[in-house]
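Below: final_34.cif (mmCIF, C-alpha atoms (C1' of nucleotides))
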data_target
#
loop_
_atom_site.label_atom_id
_atom_site.label_comp_id
_atom_site.auth_asym_id
_atom_site.auth_seq_id
_atom_site.Cartn_x
_atom_site.Cartn_y
_atom_site.Cartn_z
CA MET A 1 -5.84 0.26 -41.01
CA LYS A 2 -2.87 -1.82 -39.92
CA ILE A 3 -1.81 -1.07 -36.34
CA ALA A 4 1.13 -2.40 -34.33
CA THR A 5 3.01 -2.13 -31.06
CA TRP A 6 6.74 -2.60 -30.45
CA ASN A 7 8.91 -2.13 -27.38
CA VAL A 8 12.17 -1.16 -29.11
CA ASN A 9 14.41 -0.94 -26.00
CA SER A 10 16.13 2.30 -27.10
CA LEU A 11 14.98 4.03 -30.28
CA LYS A 12 18.50 5.35 -30.73
CA VAL A 13 19.84 1.81 -31.12
CA ARG A 14 16.79 0.46 -32.96
CA GLN A 15 16.10 3.38 -35.30
CA GLN A 16 17.15 1.49 -38.43
CA HIS A 17 15.19 -1.60 -37.34
CA VAL A 18 12.06 0.52 -37.03
CA ILE A 19 12.59 2.08 -40.43
CA ASP A 20 13.28 -1.29 -42.07
CA TRP A 21 10.29 -2.92 -40.39
CA LEU A 22 7.91 -0.10 -41.34
CA GLU A 23 9.01 -0.46 -44.94
CA THR A 24 8.42 -4.22 -45.11
CA SER A 25 5.30 -4.37 -42.94
CA GLN A 26 3.57 -1.31 -44.42
CA THR A 27 2.10 -0.55 -41.00
CA ASP A 28 -0.17 2.50 -40.78
CA VAL A 29 0.15 3.18 -37.05
CA LEU A 30 3.09 1.98 -34.93
CA CYS A 31 3.06 2.43 -31.17
CA LEU A 32 6.56 2.45 -29.64
CA GLN A 33 7.71 1.91 -26.07
CA GLU A 34 11.00 2.29 -24.21
CA LEU A 35 12.34 5.06 -26.41
CA LYS A 36 14.97 5.81 -23.77
CA LEU A 37 15.59 9.26 -25.22
CA THR A 38 14.49 12.83 -24.65
CA ASP A 39 12.19 14.58 -27.13
CA ASP A 40 15.06 16.61 -28.61
CA LYS A 41 16.78 13.33 -29.60
CA PHE A 42 13.72 11.82 -31.30
CA PRO A 43 14.48 11.01 -34.98
CA ARG A 44 11.47 12.91 -36.24
CA ALA A 45 13.04 14.06 -39.50
CA GLU A 46 14.44 10.61 -40.37
CA LEU A 47 11.00 9.03 -39.91
CA ALA A 48 9.27 11.83 -41.81
CA GLU A 49 11.62 11.12 -44.70
CA LYS A 50 10.25 7.55 -44.70
CA GLY A 51 6.67 8.79 -44.74
CA TYR A 52 5.76 8.73 -41.06
CA ARG A 53 4.75 11.53 -38.72
CA SER A 54 5.60 11.13 -35.04
CA TRP A 55 4.12 12.04 -31.68
CA TYR A 56 5.98 11.17 -28.53
CA ALA A 57 6.57 11.63 -24.83
CA GLY A 58 10.26 11.04 -24.28
CA GLN A 59 12.43 10.69 -21.20
CA LYS A 60 16.12 10.34 -20.49
CA THR A 61 17.43 6.77 -19.95
CA TYR A 62 14.11 5.07 -19.17
CA ASN A 63 10.56 4.74 -20.51
CA GLY A 64 9.33 7.03 -23.29
CA VAL A 65 6.48 6.24 -25.72
CA GLY A 66 5.51 7.31 -29.20
CA ILE A 67 3.07 6.89 -32.07
CA LEU A 68 4.19 6.82 -35.72
CA VAL A 69 1.51 7.53 -38.32
CA ARG A 70 1.77 6.98 -42.05
CA GLU A 71 1.28 10.02 -44.28
CA GLY A 72 -2.29 10.27 -45.51
CA LEU A 73 -4.00 9.33 -42.28
CA ASN A 74 -5.80 12.10 -40.46
CA VAL A 75 -4.45 12.94 -37.00
CA ASP A 76 -6.55 15.22 -34.81
CA GLU A 77 -3.81 17.27 -33.12
CA SER A 78 -6.19 18.64 -30.49
CA THR A 79 -6.76 15.16 -29.06
CA ILE A 80 -3.14 14.25 -28.29
CA VAL A 81 -2.77 13.27 -24.62
CA ARG A 82 0.48 12.54 -22.78
CA ASN A 83 0.36 10.53 -19.56
CA ILE A 84 -2.76 9.52 -17.67
CA PRO A 85 -4.71 12.70 -16.86
CA GLY A 86 -4.88 13.28 -13.12
CA PHE A 87 -2.19 10.69 -12.37
CA GLU A 88 0.96 12.53 -11.35
CA ASP A 89 3.90 10.61 -12.80
CA PRO A 90 7.34 11.77 -13.93
CA GLN A 91 7.69 8.51 -15.92
CA GLN A 92 6.58 8.87 -19.54
CA ARG A 93 4.43 5.80 -20.19
CA VAL A 94 1.36 6.89 -22.17
CA ILE A 95 0.55 8.83 -25.32
CA ALA A 96 -2.82 8.88 -27.06
CA ALA A 97 -3.95 10.22 -30.43
CA THR A 98 -7.09 10.07 -32.55
CA ILE A 99 -6.27 8.78 -36.02
CA ASP A 100 -8.93 8.48 -38.72
CA GLY A 101 -11.48 8.50 -35.91
CA VAL A 102 -9.78 5.69 -33.99
CA ARG A 103 -8.47 6.40 -30.50
CA ILE A 104 -4.95 4.93 -30.38
CA ILE A 105 -3.16 4.60 -27.02
CA SER A 106 0.50 3.62 -26.81
CA ALA A 107 1.31 2.43 -23.30
CA TYR A 108 4.38 1.16 -21.48
CA PHE A 109 3.06 -0.52 -18.34
CA PRO A 110 5.37 -0.54 -15.31
CA ASN A 111 7.51 -3.63 -14.93
CA GLY A 112 6.78 -4.11 -11.24
CA GLN A 113 10.06 -5.82 -10.32
CA ALA A 114 8.46 -8.35 -7.94
CA PRO A 115 5.22 -8.71 -5.96
CA GLY A 116 5.53 -7.03 -2.59
CA THR A 117 7.99 -4.34 -3.70
CA ASP A 118 7.37 -0.61 -3.97
CA LYS A 119 7.64 -0.90 -7.74
CA PHE A 120 4.92 -3.54 -7.78
CA ALA A 121 2.66 -1.27 -5.71
CA TYR A 122 3.32 1.47 -8.28
CA LYS A 123 2.41 -0.96 -11.06
CA LEU A 124 -0.96 -1.68 -9.41
CA ARG A 125 -1.62 2.01 -8.76
CA TRP A 126 -0.77 2.80 -12.36
CA LEU A 127 -3.07 0.02 -13.63
CA GLU A 128 -5.93 1.38 -11.56
CA ALA A 129 -5.38 4.89 -12.88
CA LEU A 130 -5.26 3.57 -16.45
CA HIS A 131 -8.49 1.65 -15.91
CA ASP A 132 -10.32 4.69 -14.56
CA TRP A 133 -9.07 6.92 -17.37
CA LEU A 134 -10.14 4.34 -19.98
CA VAL A 135 -13.72 4.52 -18.72
CA SER A 136 -13.93 8.14 -19.83
CA GLU A 137 -11.89 7.53 -22.99
CA LEU A 138 -14.28 4.76 -24.07
CA ALA A 139 -17.27 6.99 -23.42
CA GLN A 140 -15.70 9.59 -25.69
CA TYR A 141 -14.20 7.24 -28.30
CA PRO A 142 -16.21 4.07 -29.05
CA LYS A 143 -13.44 3.00 -31.44
CA LEU A 144 -10.45 2.57 -29.12
CA ALA A 145 -7.27 0.48 -29.27
CA LEU A 146 -4.89 0.08 -26.31
CA LEU A 147 -1.53 -1.08 -27.60
CA GLY A 148 1.68 -1.62 -25.72
CA ASP A 149 4.03 -3.50 -23.49
CA TYR A 150 1.64 -4.53 -20.71
CA ASN A 151 4.28 -6.35 -18.67
CA ILE A 152 1.57 -8.91 -17.91
CA ALA A 153 1.23 -12.40 -19.35
CA PRO A 154 -2.55 -12.86 -19.02
CA GLU A 155 -2.72 -16.67 -18.93
CA ASP A 156 -0.47 -19.68 -18.40
CA ARG A 157 -0.56 -20.40 -22.14
CA ASP A 158 1.23 -17.05 -22.56
CA VAL A 159 4.18 -18.37 -20.53
CA HIS A 160 6.83 -20.81 -21.77
CA ASP A 161 7.21 -22.45 -18.35
CA PRO A 162 4.17 -21.64 -16.20
CA LYS A 163 5.37 -23.77 -13.31
CA ALA A 164 8.71 -21.97 -13.03
CA TRP A 165 6.97 -18.59 -13.31
CA GLU A 166 4.11 -19.28 -10.90
CA GLY A 167 3.36 -16.29 -8.68
CA GLN A 168 6.24 -14.24 -10.09
CA ASN A 169 6.24 -10.75 -11.52
CA LEU A 170 4.45 -10.50 -14.91
CA VAL A 171 2.19 -13.47 -14.11
CA SER A 172 1.08 -12.95 -10.50
CA PRO A 173 -2.67 -13.17 -9.70
CA GLU A 174 -2.89 -9.50 -8.71
CA GLU A 175 -1.67 -8.14 -12.03
CA ARG A 176 -3.60 -10.73 -14.03
CA ALA A 177 -6.73 -9.57 -12.20
CA GLU A 178 -5.97 -6.02 -13.36
CA PHE A 179 -5.68 -7.28 -16.95
CA VAL A 180 -9.08 -8.95 -16.57
CA ARG A 181 -10.45 -5.67 -15.24
CA LEU A 182 -9.25 -3.90 -18.39
CA VAL A 183 -10.92 -6.55 -20.54
CA GLY A 184 -14.02 -6.02 -18.39
CA LEU A 185 -14.33 -2.53 -19.84
CA GLY A 186 -15.51 -4.23 -23.01
CA LEU A 187 -12.09 -4.74 -24.61
CA THR A 188 -10.95 -7.78 -26.58
CA ASP A 189 -7.44 -9.24 -26.68
CA ALA A 190 -7.06 -9.10 -30.46
CA PHE A 191 -4.54 -11.96 -30.51
CA ARG A 192 -6.96 -14.35 -28.78
CA LYS A 193 -9.75 -13.54 -31.21
CA PHE A 194 -7.99 -15.89 -33.62
CA GLU A 195 -6.62 -19.44 -33.64
CA HIS A 196 -2.84 -19.66 -33.25
CA PRO A 197 -0.28 -22.41 -32.77
CA GLU A 198 0.82 -22.93 -29.17
CA LYS A 199 3.81 -21.13 -27.66
CA ILE A 200 3.51 -17.76 -29.38
CA TYR A 201 5.31 -15.08 -27.37
CA SER A 202 6.31 -11.43 -27.81
CA TRP A 203 9.32 -11.17 -25.47
CA TRP A 204 12.38 -13.32 -24.90
CA ASP A 205 15.18 -12.66 -22.41
CA TYR A 206 18.49 -11.74 -23.99
CA ARG A 207 20.18 -14.29 -21.76
CA MET A 208 20.50 -18.05 -21.86
CA MET A 209 19.60 -18.26 -25.54
CA ALA A 210 15.98 -17.72 -24.57
CA PHE A 211 14.90 -16.77 -28.10
CA ARG A 212 16.45 -19.86 -29.68
CA ARG A 213 14.75 -21.99 -27.02
CA ASN A 214 11.52 -20.01 -27.50
CA ALA A 215 11.57 -19.42 -23.74
CA GLY A 216 9.33 -16.36 -23.91
CA LEU A 217 6.28 -14.60 -22.58
CA ARG A 218 3.37 -12.92 -24.36
CA ILE A 219 3.32 -9.54 -22.62
CA ASP A 220 2.76 -7.16 -25.56
CA HIS A 221 -0.91 -6.80 -26.41
CA ILE A 222 -3.53 -5.04 -28.48
CA LEU A 223 -6.86 -4.60 -26.73
CA LEU A 224 -9.75 -3.45 -28.92
CA SER A 225 -13.13 -1.94 -28.09
CA GLY A 226 -16.23 -3.65 -29.52
CA PRO A 227 -16.48 -1.95 -32.92
CA LEU A 228 -12.75 -2.43 -33.59
CA ALA A 229 -12.75 -6.06 -32.40
CA ALA A 230 -15.54 -6.69 -34.90
CA ALA A 231 -13.44 -5.06 -37.62
CA CYS A 232 -10.24 -6.92 -36.75
CA THR A 233 -9.32 -9.57 -39.33
CA SER A 234 -5.95 -10.72 -37.95
CA CYS A 235 -3.51 -10.31 -35.08
CA ASP A 236 -0.03 -11.80 -35.01
CA VAL A 237 3.44 -11.50 -33.54
CA ASP A 238 6.14 -10.78 -36.12
CA LYS A 239 9.20 -12.67 -34.85
CA VAL A 240 11.38 -11.63 -37.78
CA PRO A 241 12.93 -8.45 -36.27
CA ARG A 242 13.86 -10.44 -33.15
CA LYS A 243 16.25 -12.41 -35.40
CA TRP A 244 18.01 -9.31 -36.72
CA GLU A 245 21.46 -8.18 -35.61
CA GLN A 246 21.35 -6.44 -32.18
CA PRO A 247 17.59 -6.82 -31.75
CA SER A 248 15.14 -5.51 -29.19
CA ASP A 249 14.12 -8.24 -26.74
CA HIS A 250 10.49 -7.65 -27.85
CA ALA A 251 8.87 -8.47 -31.20
CA PRO A 252 6.17 -6.32 -32.83
CA VAL A 253 2.51 -7.33 -32.48
CA VAL A 254 0.33 -6.41 -35.45
CA ALA A 255 -3.43 -6.19 -35.98
CA GLN A 256 -5.31 -5.60 -39.21
CA LEU A 257 -8.50 -3.58 -38.95
CA SER A 258 -10.73 -3.84 -42.02
"C1'" DA B 1 19.82 -17.75 -4.38
"C1'" DT B 2 22.45 -15.58 -8.07
"C1'" DG B 3 23.74 -14.36 -12.57
"C1'" DG B 4 23.47 -14.56 -17.17
"C1'" DC B 5 22.41 -9.96 -21.55
"C1'" DA B 6 21.52 -5.26 -23.03
"C1'" DG B 7 21.19 -0.12 -22.76
"C1'" DA B 8 22.15 4.29 -20.47
"C1'" DA B 9 24.99 7.29 -17.87
"C1'" DA B 10 29.56 7.75 -17.32
"C1'" DT B 11 34.06 6.55 -18.12
"C1'" DA B 12 33.88 1.96 -13.27
"C1'" DT B 13 30.20 0.57 -11.95
"C1'" DT B 14 25.36 0.82 -10.98
"C1'" DC B 15 20.47 0.88 -12.18
"C1'" DT B 16 16.74 -1.10 -14.63
"C1'" DG B 17 14.54 -4.17 -17.39
"C1'" DA B 18 11.13 -8.74 -17.64
#

Mind turning this structure into structure tokens?
Amino acid sequence: MKIATWNVNSLKVRQQHVIDWLETSQTDVLCLQELKLTDDKFPRAELAEKGYRSWYAGQKTYNGVGILVREGLNVDESTIVRNIPGFEDPQQRVIAATIDGVRIISAYFPNGQAPGTDKFAYKLRWLEALHDWLVSELAQYPKLALLGDYNIAPEDRDVHDPKAWEGQNLVSPEERAEFVRLVGLGLTDAFRKFEHPEKIYSWWDYRMMAFRRNAGLRIDHILLSGPLAAACTSCDVDKVPRKWEQPSDHAPVVAQLS
DNA sequence: ATGGCAGAAATATTCTGA
């Protein structure tokens, strides 16, 4: 099973990119973030025509997450979960589904704006709620993958200029500690299971020619529970769609499970 | 310290993103 995550920054604008990328990558399960559209605007029929079924939790203007699943895979409809159970939140940031026995979670972590702000406090609250929910999810589903835009660069090697970013949002010690706490549940950062060249990132600012300068951050991740980490044979960032006309500022991250 | 780019809502300008 080939699984992937991609913050598309508006599915309306990036619909054709998604379709083109699915066709070339032959991905089985694609987790999407920042749909920026309501459920009635989701291009369900267009994706079905290309051989993918969709589940989503949409929202006007902001947030919104989805999971696209290739025809032929078994989706247990009764296990679909939207949002973190017990965590009251009007923002649509989580959807989970069980696909061929694998628990797949598509998550759009809060940005946080800056340490010390209300939005940062919300980010930390949200991370705690996610952590606590994952405890029960892992008990129920030993094969679990948490894919998404984490809005956290876990280590300095995930940051193009660690000195300039020190202490700032996306890299601050508090949020990195929350990432470590997630890993502490027995999850593995699939990307770091393998050797890679230096300076691999998943997001680049639209401004200041950041992509051409490779001034990026690695903030999109795939965390895998033990059995899936053992079955994972590769994990890479696909920079190609970031080079397309009118791209998302994020690139897809892909993992192959044997 | 700020803005720069992009998308959405709205239809000028503001909010949010990371």

What are the closest atom pairs, with distances in Å to one decimal, for each residue of region 152-244 of chain A lying within 9 Å of chain B, using only C-alpha atoms (C1' of nucleotides), rows by chain and rising residue number, as JSON lines?
{"residue": "A:Asn169", "atom": "CA", "partner": "B:DA18", "partner_atom": "C1'", "distance": 8.1}
{"residue": "A:Leu170", "atom": "CA", "partner": "B:DA18", "partner_atom": "C1'", "distance": 7.4}
{"residue": "A:Trp203", "atom": "CA", "partner": "B:DA18", "partner_atom": "C1'", "distance": 8.4}
{"residue": "A:Trp204", "atom": "CA", "partner": "B:DA18", "partner_atom": "C1'", "distance": 8.7}
{"residue": "A:Asp205", "atom": "CA", "partner": "B:DA18", "partner_atom": "C1'", "distance": 7.4}
{"residue": "A:Tyr206", "atom": "CA", "partner": "B:DC5", "partner_atom": "C1'", "distance": 4.9}
{"residue": "A:Arg207", "atom": "CA", "partner": "B:DC5", "partner_atom": "C1'", "distance": 4.9}
{"residue": "A:Met208", "atom": "CA", "partner": "B:DG4", "partner_atom": "C1'", "distance": 6.6}

Next on the checklist: Please identify all residues of chain A having at least one atom at most 10 Å from any atom of chain B, considering only C-alpha atoms (C1' of nucleotides), and return them as a ChimeraX atom specification.
Outcome noted: /A:9-10,13,36-37,60-62,111-113,151-152,169-170,203-209,217,219,246-249

Selection from above, C-alpha atoms, as a short mmCIF file (atom, residue, chain, number, x, y, z; two decimals), in the frame of the given file, can you write it?
data_model
loop_
_atom_site.label_atom_id
_atom_site.label_comp_id
_atom_site.auth_asym_id
_atom_site.auth_seq_id
_atom_site.Cartn_x
_atom_site.Cartn_y
_atom_site.Cartn_z
CA ASN A 9 14.41 -0.94 -26.00
CA SER A 10 16.13 2.30 -27.10
CA VAL A 13 19.84 1.81 -31.12
CA LYS A 36 14.97 5.81 -23.77
CA LEU A 37 15.59 9.26 -25.22
CA LYS A 60 16.12 10.34 -20.49
CA THR A 61 17.43 6.77 -19.95
CA TYR A 62 14.11 5.07 -19.17
CA ASN A 111 7.51 -3.63 -14.93
CA GLY A 112 6.78 -4.11 -11.24
CA GLN A 113 10.06 -5.82 -10.32
CA ASN A 151 4.28 -6.35 -18.67
CA ILE A 152 1.57 -8.91 -17.91
CA ASN A 169 6.24 -10.75 -11.52
CA LEU A 170 4.45 -10.50 -14.91
CA TRP A 203 9.32 -11.17 -25.47
CA TRP A 204 12.38 -13.32 -24.90
CA ASP A 205 15.18 -12.66 -22.41
CA TYR A 206 18.49 -11.74 -23.99
CA ARG A 207 20.18 -14.29 -21.76
CA MET A 208 20.50 -18.05 -21.86
CA MET A 209 19.60 -18.26 -25.54
CA LEU A 217 6.28 -14.60 -22.58
CA ILE A 219 3.32 -9.54 -22.62
CA GLN A 246 21.35 -6.44 -32.18
CA PRO A 247 17.59 -6.82 -31.75
CA SER A 248 15.14 -5.51 -29.19
CA ASP A 249 14.12 -8.24 -26.74
#

Next on the checklist: From the options A:Ile95, A:Glu198, A:Asp100, A:Ala4, which residue's atoms come nearest to Asp238 (chain A), counting all atoms listed in the file?
Outcome noted: A:Ala4

Item to check | Ground truth for the PyMOL selection byres ((chain A and resi 75) around 12), written as an MDAnalysis selection string | outcome: chainID A and resid 28:29 52:55 67:74 76:80 96:104

Checklist entry - At what distance in Å, to one decimal, does CA of Asp156 (chain A) lie from CA of Val171 (chain A)? => result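 Between these atoms lies a distance of 8.0 Å.
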
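Closest approach to Glu128 (chain A) among A:Trp21, A:Phe179, A:Trp165, A:Phe42 is made by A:Phe179 (distances from all atoms listed in the file).
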
Next on the checklist: Which residue is closest to Gln256 (chain A)? Choose from A:Thr27, A:Thr5, A:Asn63, A:Ser136 and count only C-alpha atoms.
Outcome noted: A:Thr27

Checklist entry - How far is it from CA of Gly58 (chain A) to CA of Gln92 (chain A), in Å with one decimal? => result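 Spanning CA of Gly58 (chain A) to CA of Gln92 (chain A) is a straight-line distance of 6.4 Å.
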
Checklist entry - To one decimal place, how far is CA of Gln140 (chain A) from CA of Ile3 (chain A) in Å? => result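 Taking CA of Gln140 (chain A) as the start and CA of Ile3 (chain A) as the end point, the length is 20.5 Å.
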
Checklist entry - If I put a ball of radius 10 Å at (-13.5, -0.2, -35.5) in the file's coordinates, which residues poke into it when counting all atoms listed in the file, written as a VMD selection string? => result chain A and resid 1 101 to 103 142 to 145 224 to 232 257 to 258

Checklist entry - Residues around (-9.1, -6.5, -17.6), cut-off 10 Å, counting only C-alpha atoms (C1' of nucleotides) - what are they as a ChimeraX atom specification? => result /A:127,131,154,175-189,223

Item to check | Residue nearest Leu124 (chain A) - candidates A:Ser202, A:Ser172, A:Ser106, A:Asn83, atoms counted: only C-alpha atoms | outcome: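 Of A:Ser202, A:Ser172, A:Ser106, A:Asn83, the one nearest Leu124 (chain A) is A:Ser172, counting only C-alpha atoms.
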